[in-house]
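**Q** Below is one structure. I have some questions about it.
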Amino acid sequence: MIQSPAISLWPHVPEVLLLASSLVILVAGLFLRPERRKWLAGSAMFAVLAAMAAVIFQGAEPVKASAQDMLLADGYALFLKVALLAAAALALLFSIEYVERTGLAQVEYYGLLLLSVAGMLLMVEAVNLVTIFLSLEVASIALYVLVGLDRAEARSAAASLKYLLLGAVASAFLLYGMALVYGQAGTTSLSGIEAFVDSLGEGMPPLLLVGLGLVVVGLGFKVALVPFHLWTPDVYAGAPTSVTAFMSVGVKVVGFAALGRVTLYAFAAAQGDWQWLLAGLAALTMTVGNLAALLEKDLKRLLAYSGVAQAGYILVGLAAAGEEGVGGALFYLFAYVFANAAAFGVVIAVARRHGADSRGDTLESYAGLAERRPWLAVAMSLCLLSLAGFPPLAGFMSKLYVFASAIRGGMTWLAVVGVLNSAIAAYYYLRLIGLMVGRRERQAPDVVPSGAVCPALIVGLALACLATVLLGIWPEPFLEWARAAARSLLGG
Amino acid sequence: MNQAGFPLLTLIIFLPLAGAGVALLLGQRRSIVRVWTIAVAATDLALTGALWGLFSYESAEMQLVDHAGWIAPLGVSYRVGVDGISLWLVLLTALVSLIAVWIAGVGPGKNEAPCGPWLLALETAVLGVFCAVDLILFFVFWEAMLVPAYLLIARRGGERRRHAAIKFVVFTMAGSALMLVAIIALAWLGYEATGVLTFDRSVLLGVTLAWPAQLWLFLAFLMAFAVKAPLWPLHGWLPDAYVESPAPVTIVFAAVLSKMGIYGLIRICLPLFPSAVEAAKPWVWALAITGIVYGALVAVVQRDIKRLLAYSSLSHVGLIFAGAMAANVQGVQGALLLSVSHGLTVTALFLVAECLQARRGTRQIEAMGGLWKSVPLLGTLALTVMLAAIGLPGLSAFPGEFAILAGIFLQSPTAAGLAALGVILGAWYMLNLFRNAFAGPLKLPENRSLPDLQRGEAAVLVPLVVLLFVIGILPNLIFRPTDAAVSQMVEQAQARLVVEAQEGGE
C-alpha cells in the first residue's frame, strides 16, 4: 500500500476554525472600542456553533483520517468533540452577562476560551504521545490564565497559581511517563505502542509499566482522581464561575479521552496490568470525593468534590473495559457535561448582582430559592438529581450503564462500592434541594437579586436541562452512538 | 392490545405526574391548584375503578399489559401490567392519594406551600412500582419515589423535618443501592443461562439460580424491601418521618409506601428466590415478630398520638411481613388483605389524630381524656377504626390476621403463637389510647366545648369506616381477585424449590 504523505485537513476543520477565531479575537480585540466588545461573545459563539456544525456534518459520513499517526478523527473523537463543543457553547451562554458584570478582560477571556477549546478538540483525536502532550498543554495553559483572569479577586489569583503549579507537576509526571514508554517501545505513536505491547505477550518490562503508571498519574491530576485531586476545590471556587463551568467538564472529557486511548487502545494487551489500578483509583475517588463533599458549606467547593466523585464513576466504566464499559463511560461524560455545567450556570445566575467580595456561594444563600426563583430552583434540582443519579434523569442512566458494565466485566465489588457511594452522595445533593425548597431561616441575607436573568443564561440552562431529561428518558440513540464510538476506539 | 383497547394502565400511572406538572405551572394560584390536584386524583381513582371492572378474576397472568421498547441494547423495556397481587394495591394507592390530596387541599395546612402536586408525583411513582414488569422500570419508579417523598417531608414538616427527611432518604437509598446491583446481576445470570439479555421479571422467573448467588441476590432485594416496610431493626427512619410529616404525607407514607416493601417481597423475592426464602424464613420471622412485639411495647408508652400510631404501624407491618414470608397461599393472601386493611385503618387513624390536633392544638394524650362526652360522633368513628385495627371480627383486619396466622401456623406453630402474642399486645395499646383520650371523665375545662365531627371530616372518615365493615364482612371481595395469581405464584415457587433441592442434593 502506498503511504500518502498528504494530510487531509477536512477532519480538522473544527480545530482550525476555533484556532483561527481565537487569534482573530485576540488581535482584532485590540482595535475594538470598549462598547463594541460585546460583539466578541457573539463571534466566539458563532465559531463554536460553526465547529459543531462541521463535526456533525463529519459524523454523517464517518471519516477516519489519520495525520501521520498524530491525529485520528475517528468516531471516538467525534463523539467527544460534540460533548466538548456543547460544553463550550454552554459556557459561552453563561459567560456573556457574567463577564461584563465582573469586569473580566473580554478580549483575553473569549480568545483564550476558544484557544482552550481548540486544544481540547485536538487532544481527543491525538493518537501520539507527542500530540497528546502538546494539545493538553495548549488547553491547559489557556486555562491557567483564564482561572486567574479576575484581577479584583485574590482567590482567583491564588487559584491560578495553584492550578499552574500542580498542573506543571502533572505535566512533569505525564512527560516522564511518556519518556519511559518511548524508551521501551521506541515509538511515540499509540498504534506503534499497541503493536509493541501486543508482541510482548505476558512479560511486560517493569519500566514500561512504570511509564504507564506515570501517564495515568499525570492524567489523573487533570481529571482529579483521588489522591491527585487536592487542587480541585480551591481552583473551582477561586476561578471565575463561568470558567469553572467550562473547565469542570472540558478537562475531564479530554483527560478521560486520553486515558481511554492510552489504556484501552495502546495498552490493550496489558489489560490485566492496569485494570486493577483503574478499579482501585475509581473506588478511592468515588468514596473520598463523596465523603469530602458531605462536609462542604461552599457550593462551588461542594460541586468540586462532587466532580471528583463523578470522575470516579466514569473511571468505573473505563476499568470495566470492553465495549459496554467504554460506551458507559462516554455516555456518562456526555450526561455529566450538561448537568455539571448547568449547575455552575445556576450559581452564576444566583450570585448575579454581587460585588466582587460576596459571591453568594455559600449553601445558605440558596435557602428559599424555590419561592423567589422557582425556575432556577427547578434547573438546579434537575442538575443535582442527575448528578446524584436519580431516575429518570441522565445521571441515572449513566450510572446504570457503568455499573452494569462493571458487573458484566466481573467486577461486582466495584459496582457495590459505586451504588453505596450513590447513597452517600444523595445526602449532600438532596440537602441542598431541601434548602432551596424550604423556608429561609433566621435572618439570612437575601442575596438573590430580583432583576431579570440574562436571556442567554436562561437559554443555556433550558438546553442543558432538556438534555439532562432527554438523555434519561430516551437514552437509546445516545447509548448506541456512545457504543459505536467505543467500538471505533477498541477496533483501533 | 390489552382488554381496554388503549393504554389504560399507562394513563393511570402517568396522569398524576402530568397533573402535578400542570399544577406547578399554575404556580402561586393556590386555590386553583387545590381544586386541580383533587380533580386529578379523583379522575385517577375513577380510572382505577375502570381497571377493576376490566380485570378478569380467573386469569393468573399479567393483565392490561402495556409494552413499548425503551433501551434495547440493555434489554430494558417499558412493560407494565396488573395481576391479582398488584390490583388492590393500585386501588389502595389511588384512594389514599385522593384522601391525602383532599386533606392537603381543605385541611388545616391548606394555606401553606401546596403539597398536592408533590403528592401526585409520589402517586405516579408508587403506582409505577406496583405495575412495573421490567425490573429496571421497577427500580426507576422505586428510586424516583424518593424525590417527592423527600420534598414533602422537608418542605412542610415539623421542626426537625430536614433531619427526618434526610434520615428517610439515606436509610432508603442504603437499602435500595444493592438492589440495583442485584437486578443487573440477575439479568446477567439470566443472559448466561438463556442467551437473551432482559430485565423482564416473567422471563427471569424461568432462570434457575445456583445456591450462593441466589442467597446474595435475595439478601440484596430483602434489604431494600425491609427498609421500606420497615422490618425491625431497620425502622430507624420511621418515627421521625411519620411524626414530622404533615398529615397528608404521613397518611401516604404509612398507608401506601410501607406496602411497597411488602409488595416487593411477594412479587420478587418469593417467586425468584424460593430456596433462599426457605432458608431465611426463621430469621426473617424472628425479626418480624420482634418488630411486632417491639412496636407494640413502644407504642404503649407513647404520649404523642402520632408517635403511638407510628409504632403501631411498625407492629402491624411486621405481621404482614411475617405472613408474606410464610410463602404459602394463606400467608400471602392474608398479607395482601391485611395490607389493604392496614392502609385503610392507618389512614383513618391518622385522620382522627389530625382531627384531635386541630381541635386541641396538641397531640399529647394527657391533654385529652373524656372526649367522648364532647365529641361523641368522632369518638364513635375513632373507636370503630381502633377496633378494626386490633382485628375485631367483622371488621377488615380480622380475615387478614387470621389468614396470616394460619399461613404461619402451617409451617411453624411456635412462630404463629408468638405472632399472635403481638396481635394481643396491639389490643393493649390501642384500647389504652381510647381509654386515655376518649373514655373517663372530662377533666380539662378546655375540652368541654369542642366541635364534633365536621362535614369535611365525615366525608372522608365515614366512607373509610364503611369500607372497613365491607371488607370485614365480605373478605372474599378481596380474596377472590388475588386468588388465581397468588396460587400460581406459590405453586411455581414450590415447584422450583423441589427442583433446586434436587440440584443441590446432586
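The way I read the labels, and the way they are meant: chains A, B, ... in the order of the C-alpha cells, residue 1 as the first residue of every chain, and ligand 1 as the first ligand shown, with later ones counted on from there.
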May I ask you to extract the residues of chain B within 8 Å of chain A, using only C-alpha atoms, and to give them as a PDB file with N, CA and C atoms, in the first residue's frame?

**A**
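Below is the file iface.pdb, written as the result:
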ATOM      1  N   TRP B  70     -37.674   0.336  25.031  1.00  0.00           N
ATOM      2  CA  TRP B  70     -37.130   1.513  25.726  1.00  0.00           C
ATOM      3  C   TRP B  70     -35.632   1.598  25.464  1.00  0.00           C
ATOM      4  N   ILE B  71     -34.862   0.709  26.064  1.00  0.00           N
ATOM      5  CA  ILE B  71     -33.417   0.756  25.847  1.00  0.00           C
ATOM      6  C   ILE B  71     -33.011  -0.627  25.362  1.00  0.00           C
ATOM      7  N   ALA B  72     -33.194  -0.857  24.073  1.00  0.00           N
ATOM      8  CA  ALA B  72     -32.988  -2.195  23.522  1.00  0.00           C
ATOM      9  C   ALA B  72     -31.583  -2.746  23.781  1.00  0.00           C
ATOM     10  N   PRO B  73     -30.523  -1.964  23.629  1.00  0.00           N
ATOM     11  CA  PRO B  73     -29.193  -2.557  23.796  1.00  0.00           C
ATOM     12  C   PRO B  73     -28.987  -3.144  25.190  1.00  0.00           C
ATOM     13  N   VAL B 140     -36.552   2.181  38.625  1.00  0.00           N
ATOM     14  CA  VAL B 140     -36.693   3.605  38.284  1.00  0.00           C
ATOM     15  C   VAL B 140     -37.801   4.234  39.123  1.00  0.00           C
ATOM     16  N   PHE B 141     -38.960   3.581  39.167  1.00  0.00           N
ATOM     17  CA  PHE B 141     -40.061   4.126  39.965  1.00  0.00           C
ATOM     18  C   PHE B 141     -39.709   4.105  41.452  1.00  0.00           C
ATOM     19  N   GLU B 143     -36.830   4.373  42.942  1.00  0.00           N
ATOM     20  CA  GLU B 143     -35.923   5.445  43.341  1.00  0.00           C
ATOM     21  C   GLU B 143     -36.548   6.816  43.117  1.00  0.00           C
ATOM     22  N   ALA B 144     -37.308   6.941  42.027  1.00  0.00           N
ATOM     23  CA  ALA B 144     -37.913   8.242  41.728  1.00  0.00           C
ATOM     24  C   ALA B 144     -38.858   8.650  42.844  1.00  0.00           C
ATOM     25  N   TYR B 150     -39.084  13.014  49.719  1.00  0.00           N
ATOM     26  CA  TYR B 150     -38.148  13.876  50.443  1.00  0.00           C
ATOM     27  C   TYR B 150     -38.672  15.301  50.523  1.00  0.00           C
ATOM     28  N   LEU B 151     -39.119  15.812  49.372  1.00  0.00           N
ATOM     29  CA  LEU B 151     -39.573  17.199  49.355  1.00  0.00           C
ATOM     30  C   LEU B 151     -40.797  17.389  50.243  1.00  0.00           C
ATOM     31  N   ALA B 154     -39.445  17.550  53.766  1.00  0.00           N
ATOM     32  CA  ALA B 154     -38.525  18.656  54.011  1.00  0.00           C
ATOM     33  C   ALA B 154     -39.231  20.007  53.933  1.00  0.00           C
ATOM     34  N   ARG B 155     -40.285  20.109  53.122  1.00  0.00           N
ATOM     35  CA  ARG B 155     -40.913  21.409  52.942  1.00  0.00           C
ATOM     36  C   ARG B 155     -41.869  21.759  54.039  1.00  0.00           C
ATOM     37  N   ARG B 156     -42.706  20.796  54.388  1.00  0.00           N
ATOM     38  CA  ARG B 156     -43.866  21.148  55.172  1.00  0.00           C
ATOM     39  C   ARG B 156     -43.900  20.533  56.554  1.00  0.00           C
ATOM     40  N   ARG B 162     -36.086  18.534  58.318  1.00  0.00           N
ATOM     41  CA  ARG B 162     -34.994  18.239  57.392  1.00  0.00           C
ATOM     42  C   ARG B 162     -34.214  17.026  57.836  1.00  0.00           C
ATOM     43  N   ILE B 166     -33.877  13.686  55.548  1.00  0.00           N
ATOM     44  CA  ILE B 166     -32.584  13.142  55.138  1.00  0.00           C
ATOM     45  C   ILE B 166     -32.407  11.727  55.670  1.00  0.00           C
ATOM     46  N   VAL B 169     -34.257   9.375  53.473  1.00  0.00           N
ATOM     47  CA  VAL B 169     -33.620   9.136  52.175  1.00  0.00           C
ATOM     48  C   VAL B 169     -32.382   8.264  52.332  1.00  0.00           C
ATOM     49  N   VAL B 170     -31.568   8.558  53.346  1.00  0.00           N
ATOM     50  CA  VAL B 170     -30.321   7.798  53.491  1.00  0.00           C
ATOM     51  C   VAL B 170     -30.629   6.332  53.817  1.00  0.00           C
ATOM     52  N   MET B 173     -32.017   4.749  50.549  1.00  0.00           N
ATOM     53  CA  MET B 173     -31.041   4.569  49.468  1.00  0.00           C
ATOM     54  C   MET B 173     -30.004   3.534  49.850  1.00  0.00           C
ATOM     55  N   ALA B 174     -29.620   3.516  51.125  1.00  0.00           N
ATOM     56  CA  ALA B 174     -28.670   2.493  51.539  1.00  0.00           C
ATOM     57  C   ALA B 174     -29.283   1.119  51.317  1.00  0.00           C
ATOM     58  N   ALA B 177     -29.672   0.571  47.266  1.00  0.00           N
ATOM     59  CA  ALA B 177     -28.484   0.651  46.407  1.00  0.00           C
ATOM     60  C   ALA B 177     -28.094  -0.740  45.910  1.00  0.00           C
ATOM     61  N   LEU B 178     -28.060  -1.683  46.851  1.00  0.00           N
ATOM     62  CA  LEU B 178     -27.626  -3.016  46.455  1.00  0.00           C
ATOM     63  C   LEU B 178     -28.653  -3.707  45.575  1.00  0.00           C
ATOM     64  N   LEU B 180     -30.041  -2.474  43.014  1.00  0.00           N
ATOM     65  CA  LEU B 180     -29.690  -2.226  41.612  1.00  0.00           C
ATOM     66  C   LEU B 180     -28.630  -3.216  41.152  1.00  0.00           C
ATOM     67  N   VAL B 181     -27.626  -3.424  41.985  1.00  0.00           N
ATOM     68  CA  VAL B 181     -26.589  -4.401  41.633  1.00  0.00           C
ATOM     69  C   VAL B 181     -27.218  -5.781  41.460  1.00  0.00           C
ATOM     70  N   ILE B 184     -29.122  -6.074  38.143  1.00  0.00           N
ATOM     71  CA  ILE B 184     -28.238  -6.245  36.985  1.00  0.00           C
ATOM     72  C   ILE B 184     -27.624  -7.648  37.001  1.00  0.00           C
ATOM     73  N   ALA B 185     -27.194  -8.068  38.186  1.00  0.00           N
ATOM     74  CA  ALA B 185     -26.573  -9.398  38.269  1.00  0.00           C
ATOM     75  C   ALA B 185     -27.577 -10.485  37.888  1.00  0.00           C
ATOM     76  N   TRP B 188     -27.963 -10.597  34.252  1.00  0.00           N
ATOM     77  CA  TRP B 188     -26.740 -11.130  33.651  1.00  0.00           C
ATOM     78  C   TRP B 188     -26.700 -12.649  33.773  1.00  0.00           C
TER      79      TRP B 188
END

**Q** Quick one: residues within 7 Å of range 12-24 of chain B, only C-alpha atoms, excluding same-chain residues fewer than 6 positions away - as a short mmCIF file (atom, residue, chain, number, x, y, z; two decimals) with C-alpha atoms, in the first residue's frame?

**A**
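Generated file (around.cif):
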data_model
loop_
_atom_site.label_atom_id
_atom_site.label_comp_id
_atom_site.auth_asym_id
_atom_site.auth_seq_id
_atom_site.Cartn_x
_atom_site.Cartn_y
_atom_site.Cartn_z
CA VAL B 33 -54.03 24.29 42.42
CA THR B 37 -54.98 18.39 42.24
CA VAL B 40 -56.72 14.80 39.03
CA ALA B 41 -56.55 12.41 41.98
CA ASP B 44 -57.24 8.66 38.62
CA LEU B 47 -59.78 5.14 36.18
CA THR B 48 -58.57 2.52 38.64
CA PRO B 117 -48.55 18.43 43.26
CA TRP B 118 -45.84 16.50 45.09
CA LEU B 120 -49.48 13.44 42.83
CA ALA B 121 -45.88 12.92 41.70
CA GLU B 123 -48.62 8.66 43.42
CA THR B 124 -47.16 8.12 39.95
CA LEU B 127 -48.32 3.14 41.04
CA GLY B 128 -45.33 2.52 38.78
#

**Q** Would you pick out the contacts of Ile262 in chain B at 7 Å or less, using only C-alpha atoms, so that residues sharing its chain but fewer than 6 positions from it are not included, and give the list as number ranges by chain?

**A** B: 225, 229, 321

**Q** Please return as number ranges by chain: the residues of range 81-235 of chain B that backbone DSSP assigns to strand (DSSP E or B).

**A** B: 81-82, 132, 134, 200

**Q** Got a sec to tell me which of range 358-470 of chain A DSSP assigns to alpha helix (DSSP H), as a PyMOL selection string?

**A** chain A and resi 369-372+374-388+394-408+412-437+455-470

**Q** From the set A:Leu209, A:Val169, A:Ala484, A:Ala379, which residue has the shortest atom-to-atom contact distance to Ala270 in chain A, counting only C-alpha atoms?

**A** A:Leu209

**Q** If we count only C-alpha atoms and set the cut-off at 12 Å, which residues sit around Ala53 in chain A, ignoring sequence neighbours fewer than 3 positions away in its own chain? Please answer as a short mmCIF file (atom, residue, chain, number, x, y, z; two decimals) with C-alpha atoms, in the first residue's frame.

**A**
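Saved result, result_18.cif, follows:
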data_model
loop_
_atom_site.label_atom_id
_atom_site.label_comp_id
_atom_site.auth_asym_id
_atom_site.auth_seq_id
_atom_site.Cartn_x
_atom_site.Cartn_y
_atom_site.Cartn_z
CA VAL A 13 -11.76 21.91 10.22
CA PRO A 14 -13.32 22.45 13.68
CA LEU A 17 -11.76 27.18 12.77
CA PHE A 46 -20.55 31.71 16.13
CA ALA A 47 -17.19 29.96 15.90
CA VAL A 48 -18.26 27.24 18.33
CA LEU A 49 -21.54 26.66 16.52
CA ALA A 50 -19.74 26.52 13.17
CA ILE A 56 -21.99 16.92 12.96
CA PHE A 57 -21.54 17.08 9.20
CA GLN A 58 -18.45 14.86 9.50
CA GLY A 59 -20.38 12.49 11.70
CA ALA A 60 -22.91 12.00 8.93
CA LEU A 78 -16.22 12.87 17.03
CA LYS A 81 -15.89 16.68 20.21
CA VAL A 82 -19.65 17.05 20.34
CA LEU A 85 -18.39 21.86 21.89
CA ALA A 86 -21.64 21.54 23.82
#

**Q** Quick one: residues within 9 Å of range 361-368 of chain B, only C-alpha atoms counted, chain neighbours fewer than 4 positions away excluded, as an MDAnalysis selection string?

**A** chainID B and resid 302:306 353:354 356:357 433 436:438 442:444 447

**Q** Output C-alpha atoms for every residue in that selection, as a short mmCIF file (atom, residue, chain, number, x, y, z; two decimals), in the first residue's frame.

**A**
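Written output follows (selection_28.cif):
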data_model
loop_
_atom_site.label_atom_id
_atom_site.label_comp_id
_atom_site.auth_asym_id
_atom_site.auth_seq_id
_atom_site.Cartn_x
_atom_site.Cartn_y
_atom_site.Cartn_z
CA GLN B 302 -46.02 6.91 73.88
CA ARG B 303 -47.71 10.17 74.86
CA ASP B 304 -47.93 11.67 71.40
CA ILE B 305 -50.80 10.14 69.42
CA LYS B 306 -48.96 10.33 66.11
CA ALA B 353 -55.25 12.20 65.21
CA GLU B 354 -55.32 15.15 62.84
CA LEU B 356 -57.89 15.93 67.54
CA GLN B 357 -54.83 18.06 66.90
CA LEU B 433 -55.27 5.09 73.76
CA ASN B 436 -56.99 7.83 77.90
CA ALA B 437 -58.27 10.03 75.11
CA PHE B 438 -61.97 9.36 74.89
CA LEU B 442 -63.95 15.11 81.14
CA LYS B 443 -61.27 16.63 83.34
CA LEU B 444 -59.91 19.58 81.42
CA ASN B 447 -62.16 20.05 76.34
#

**Q** Give me, please, the distance in Å between CA of Trp231 in chain A and CA of Gly307 in chain A, quoted to one decimal.

**A**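 So the answer is 12.3 Å.
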
**Q** Could you tell me how far CA of Ala419 in chain B lies from CA of Ala484 in chain B, in Å and to one decimal?

**A**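 A separation of 27.0 Å between them.
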
**Q** Applying 8 Å and only C-alpha atoms, which residues near Leu204 in chain B remain after dropping the ones on its own chain fewer than 4 positions away? List them as an MDAnalysis selection string.

**A** chainID B and resid 186:187 190 198:200 272

**Q** Could you dump the residues just selected with C-alpha atoms as an mmCIF file, in the first residue's frame?

**A**
data_model
loop_
_atom_site.group_PDB
_atom_site.id
_atom_site.type_symbol
_atom_site.label_atom_id
_atom_site.label_comp_id
_atom_site.auth_asym_id
_atom_site.auth_seq_id
_atom_site.Cartn_x
_atom_site.Cartn_y
_atom_site.Cartn_z
ATOM 1 C CA LEU B 186 -29.876 -11.274 37.981
ATOM 2 C CA ALA B 187 -30.321 -10.188 34.379
ATOM 3 C CA GLY B 190 -30.327 -14.889 33.000
ATOM 4 C CA THR B 198 -33.738 -8.997 29.506
ATOM 5 C CA PHE B 199 -34.981 -7.444 32.710
ATOM 6 C CA ASP B 200 -38.490 -8.824 32.224
ATOM 7 C CA LEU B 272 -37.471 -15.736 42.185
#

**Q** Env of Glu491 in chain B: 12 Å cut, atoms = only C-alpha atoms, seq-sep filter 4 positions within chain, self excluded. Answer as a PDB file with N, CA and C atoms, in the first residue's frame.

**A**
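The new file result-v5.pdb reads:
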ATOM      1  N   ALA B  60     -54.431 -15.735  35.993  1.00  0.00           N
ATOM      2  CA  ALA B  60     -53.320 -15.501  36.908  1.00  0.00           C
ATOM      3  C   ALA B  60     -52.225 -14.683  36.238  1.00  0.00           C
ATOM      4  N   LEU B 270     -40.299 -13.941  46.699  1.00  0.00           N
ATOM      5  CA  LEU B 270     -40.905 -15.266  46.836  1.00  0.00           C
ATOM      6  C   LEU B 270     -40.779 -16.092  45.561  1.00  0.00           C
ATOM      7  N   PRO B 271     -41.164 -15.574  44.375  1.00  0.00           N
ATOM      8  CA  PRO B 271     -41.070 -16.436  43.191  1.00  0.00           C
ATOM      9  C   PRO B 271     -39.652 -16.627  42.671  1.00  0.00           C
ATOM     10  N   PRO B 274     -36.880 -18.972  45.776  1.00  0.00           N
ATOM     11  CA  PRO B 274     -37.596 -19.811  46.740  1.00  0.00           C
ATOM     12  C   PRO B 274     -36.679 -20.502  47.750  1.00  0.00           C
ATOM     13  N   ALA B 327     -44.877 -17.663  52.608  1.00  0.00           N
ATOM     14  CA  ALA B 327     -44.760 -18.138  51.227  1.00  0.00           C
ATOM     15  C   ALA B 327     -45.748 -19.249  50.899  1.00  0.00           C
ATOM     16  N   ASN B 328     -46.871 -19.308  51.597  1.00  0.00           N
ATOM     17  CA  ASN B 328     -47.937 -20.193  51.141  1.00  0.00           C
ATOM     18  C   ASN B 328     -49.172 -19.354  50.815  1.00  0.00           C
ATOM     19  N   VAL B 329     -50.195 -20.014  50.259  1.00  0.00           N
ATOM     20  CA  VAL B 329     -51.338 -19.251  49.766  1.00  0.00           C
ATOM     21  C   VAL B 329     -51.992 -18.458  50.896  1.00  0.00           C
ATOM     22  N   ASP B 483     -56.723 -14.551  44.271  1.00  0.00           N
ATOM     23  CA  ASP B 483     -56.529 -15.992  44.414  1.00  0.00           C
ATOM     24  C   ASP B 483     -55.707 -16.608  43.284  1.00  0.00           C
ATOM     25  N   ALA B 484     -56.144 -16.350  42.033  1.00  0.00           N
ATOM     26  CA  ALA B 484     -55.503 -17.038  40.912  1.00  0.00           C
ATOM     27  C   ALA B 484     -54.014 -16.724  40.857  1.00  0.00           C
ATOM     28  N   ALA B 485     -53.682 -15.440  40.954  1.00  0.00           N
ATOM     29  CA  ALA B 485     -52.271 -15.042  40.813  1.00  0.00           C
ATOM     30  C   ALA B 485     -51.441 -15.584  41.969  1.00  0.00           C
ATOM     31  N   VAL B 486     -51.970 -15.506  43.191  1.00  0.00           N
ATOM     32  CA  VAL B 486     -51.201 -15.965  44.347  1.00  0.00           C
ATOM     33  C   VAL B 486     -50.997 -17.470  44.272  1.00  0.00           C
ATOM     34  N   SER B 487     -52.070 -18.225  43.938  1.00  0.00           N
ATOM     35  CA  SER B 487     -51.937 -19.687  43.870  1.00  0.00           C
ATOM     36  C   SER B 487     -50.873 -20.071  42.856  1.00  0.00           C
ATOM     37  N   ALA B 495     -42.613 -25.572  43.105  1.00  0.00           N
ATOM     38  CA  ALA B 495     -42.033 -26.460  42.096  1.00  0.00           C
ATOM     39  C   ALA B 495     -40.547 -26.172  41.937  1.00  0.00           C
ATOM     40  N   ARG B 496     -40.202 -24.891  41.906  1.00  0.00           N
ATOM     41  CA  ARG B 496     -38.777 -24.532  41.776  1.00  0.00           C
ATOM     42  C   ARG B 496     -37.987 -25.009  42.980  1.00  0.00           C
ATOM     43  N   LEU B 497     -38.634 -24.901  44.132  1.00  0.00           N
ATOM     44  CA  LEU B 497     -37.966 -25.310  45.365  1.00  0.00           C
ATOM     45  C   LEU B 497     -37.570 -26.776  45.289  1.00  0.00           C
ATOM     46  N   VAL B 498     -38.489 -27.591  44.767  1.00  0.00           N
ATOM     47  CA  VAL B 498     -38.205 -29.021  44.642  1.00  0.00           C
ATOM     48  C   VAL B 498     -37.043 -29.233  43.686  1.00  0.00           C
TER      49      VAL B 498
END

**Q** Choose the residue, out of A:Ser398, A:Ser43, A:Ser160, A:Ser386, that has the smallest atom-to-atom separation from Tyr313 in chain A; count only C-alpha atoms.

**A** A:Ser398
